[in-house]
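**Q** Supplied structure: model_11.cif, mmCIF, C-alpha atoms.
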data_model
#
loop_
_atom_site.label_atom_id
_atom_site.label_comp_id
_atom_site.auth_asym_id
_atom_site.auth_seq_id
_atom_site.Cartn_x
_atom_site.Cartn_y
_atom_site.Cartn_z
CA MET I 1 -183.80 153.33 -24.33
CA ASP I 2 -183.85 149.77 -25.57
CA GLU I 3 -180.49 148.21 -24.81
CA GLN I 4 -181.20 145.21 -27.02
CA TYR I 5 -180.16 147.32 -29.99
CA LEU I 6 -176.98 148.54 -28.33
CA ILE I 7 -175.80 145.23 -26.85
CA THR I 8 -175.23 142.54 -29.47
CA VAL I 9 -173.63 139.13 -29.74
CA ASN I 10 -171.45 138.03 -32.62
CA PRO I 11 -169.91 134.56 -32.40
CA LYS I 12 -166.91 135.85 -34.40
CA ILE I 13 -166.10 138.56 -31.84
CA PHE I 14 -164.85 137.61 -28.37
CA ASP I 15 -166.30 134.09 -28.67
CA GLY I 16 -169.84 135.43 -28.61
CA LYS I 17 -169.58 137.60 -25.50
CA PRO I 18 -172.01 140.54 -25.42
CA ILE I 19 -170.50 143.55 -27.17
CA ILE I 20 -171.48 147.15 -27.77
CA ARG I 21 -173.09 147.87 -31.14
CA GLY I 22 -171.20 145.10 -32.92
CA ARG I 23 -167.84 146.66 -32.11
CA ARG I 24 -164.85 145.01 -30.50
CA LEU I 25 -165.70 146.31 -27.04
CA ALA I 26 -167.20 143.80 -24.64
CA VAL I 27 -169.82 144.72 -22.09
CA GLU I 28 -167.60 142.88 -19.61
CA HIS I 29 -164.74 145.31 -20.32
CA ILE I 30 -166.90 148.38 -19.72
CA LEU I 31 -168.18 146.92 -16.44
CA GLU I 32 -164.62 146.08 -15.32
CA MET I 33 -163.47 149.60 -16.10
CA LEU I 34 -166.34 151.12 -14.14
CA ALA I 35 -165.65 148.75 -11.22
CA ALA I 36 -162.00 149.84 -11.29
CA GLY I 37 -163.08 153.43 -10.78
CA ASP I 38 -163.22 154.81 -14.30
CA THR I 39 -166.02 157.28 -14.89
CA ILE I 40 -168.39 157.36 -17.80
CA GLU I 41 -166.61 160.49 -18.98
CA THR I 42 -163.28 158.64 -18.96
CA LEU I 43 -164.78 155.87 -21.08
CA LEU I 44 -166.25 158.37 -23.53
CA GLU I 45 -162.83 160.00 -23.90
CA ALA I 46 -161.09 156.64 -24.37
CA TYR I 47 -163.56 155.37 -26.99
CA LEU I 48 -164.61 158.30 -29.14
CA TRP I 49 -167.41 156.35 -30.85
CA LEU I 50 -168.90 155.30 -27.49
CA GLU I 51 -172.00 157.14 -26.28
CA ARG I 52 -173.39 157.60 -22.78
CA GLU I 53 -176.36 155.43 -23.75
CA ASP I 54 -173.97 152.58 -24.58
CA VAL I 55 -172.53 152.63 -21.06
CA GLN I 56 -176.01 152.88 -19.55
CA ALA I 57 -177.07 149.89 -21.65
CA CYS I 58 -174.16 147.91 -20.17
CA LEU I 59 -175.34 148.76 -16.67
CA ILE I 60 -178.89 147.73 -17.52
CA TYR I 61 -177.64 144.53 -19.13
CA ALA I 62 -175.33 143.58 -16.23
CA PRO I 63 -177.99 141.95 -14.02
CA ARG I 64 -178.98 139.73 -16.93
CA LEU I 65 -175.38 138.55 -17.26
CA VAL I 66 -175.17 137.41 -13.66
CA SER I 67 -178.74 136.39 -12.93
CA HIS I 68 -178.16 132.79 -14.04
CA GLU I 69 -174.68 132.34 -12.61
CA ARG I 70 -174.27 130.04 -9.65
CA VAL I 71 -170.75 130.84 -8.48
CA GLU I 72 -169.48 131.67 -5.04
CA PRO I 73 -169.04 135.41 -4.42
CA PHE I 74 -165.59 136.82 -3.85
CA PRO I 75 -164.64 137.06 -0.17
CA LEU I 76 -164.65 140.61 1.11
#
With the file now loaded, output its structure as structure tokens.
**A**
Amino acid sequence: MDEQYLITVNPKIFDGKPIIRGRRLAVEHILEMLAAGDTIETLLEAYLWLEREDVQACLIYAPRLVSHERVEPFPL
């Protein structure tokens, strides 16, 4: 799988945040939903056009999003 074709950036959508296949669904949103406890199956039911590979692409892309950030981690 090559996530570069699934994750795109469009300056007209969400101020250029990475989105899934040019749709109005940000990678950030998928990651937040997964972190909140949603399952991939729940996401697929909520977004009928979404495919398992889209969610996997978000997970592969996630380290790239944070690899250049220099912020303090949240306290545990």
**Q** For I:Pro11, which residue out of I:Ile40, I:Val66, I:Ala35, I:Arg24 is the nearest one, using all atoms listed in the file?
**A**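 Looking at the shortest contact to I:Pro11, the residue is I:Arg24.
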**Q** If you count only C-alpha atoms, which residues fall within 12 Å of stretch 43-56 of chain I, apart from same-chain ones fewer than 5 positions away, as a PDB file with C-alpha atoms, in the coordinates of the input?
**A**
ATOM      1  CA  MET I   1    -183.800 153.330 -24.330  1.00  0.00           C
ATOM      2  CA  ASP I   2    -183.850 149.770 -25.570  1.00  0.00           C
ATOM      3  CA  GLU I   3    -180.490 148.210 -24.810  1.00  0.00           C
ATOM      4  CA  GLN I   4    -181.200 145.210 -27.020  1.00  0.00           C
ATOM      5  CA  TYR I   5    -180.160 147.320 -29.990  1.00  0.00           C
ATOM      6  CA  LEU I   6    -176.980 148.540 -28.330  1.00  0.00           C
ATOM      7  CA  ILE I   7    -175.800 145.230 -26.850  1.00  0.00           C
ATOM      8  CA  THR I   8    -175.230 142.540 -29.470  1.00  0.00           C
ATOM      9  CA  ILE I  19    -170.500 143.550 -27.170  1.00  0.00           C
ATOM     10  CA  ILE I  20    -171.480 147.150 -27.770  1.00  0.00           C
ATOM     11  CA  ARG I  21    -173.090 147.870 -31.140  1.00  0.00           C
ATOM     12  CA  GLY I  22    -171.200 145.100 -32.920  1.00  0.00           C
ATOM     13  CA  ARG I  23    -167.840 146.660 -32.110  1.00  0.00           C
ATOM     14  CA  ARG I  24    -164.850 145.010 -30.500  1.00  0.00           C
ATOM     15  CA  LEU I  25    -165.700 146.310 -27.040  1.00  0.00           C
ATOM     16  CA  ALA I  26    -167.200 143.800 -24.640  1.00  0.00           C
ATOM     17  CA  VAL I  27    -169.820 144.720 -22.090  1.00  0.00           C
ATOM     18  CA  GLU I  28    -167.600 142.880 -19.610  1.00  0.00           C
ATOM     19  CA  HIS I  29    -164.740 145.310 -20.320  1.00  0.00           C
ATOM     20  CA  ILE I  30    -166.900 148.380 -19.720  1.00  0.00           C
ATOM     21  CA  LEU I  31    -168.180 146.920 -16.440  1.00  0.00           C
ATOM     22  CA  GLU I  32    -164.620 146.080 -15.320  1.00  0.00           C
ATOM     23  CA  MET I  33    -163.470 149.600 -16.100  1.00  0.00           C
ATOM     24  CA  LEU I  34    -166.340 151.120 -14.140  1.00  0.00           C
ATOM     25  CA  ALA I  36    -162.000 149.840 -11.290  1.00  0.00           C
ATOM     26  CA  GLY I  37    -163.080 153.430 -10.780  1.00  0.00           C
ATOM     27  CA  ASP I  38    -163.220 154.810 -14.300  1.00  0.00           C
ATOM     28  CA  TYR I  61    -177.640 144.530 -19.130  1.00  0.00           C
ATOM     29  CA  ALA I  62    -175.330 143.580 -16.230  1.00  0.00           C
TER      30      ALA I  62
END
**Q** Between atom CA of I:Lys12 and atom CA of I:Ser67, what is the spacing in Å?
**A** 24.5 Å
**Q** Write out as lines of an AutoDock Vina configuration file an axis-aligned box for stretch 9-12 of chain I: all of its atoms listed in the file, 6 Å added on each side, centre and edge lengths in Å with one decimal.
**A**
center_x = -170.3
center_y = 136.8
center_z = -32.1
size_x = 18.7
size_y = 16.6
size_z = 16.7
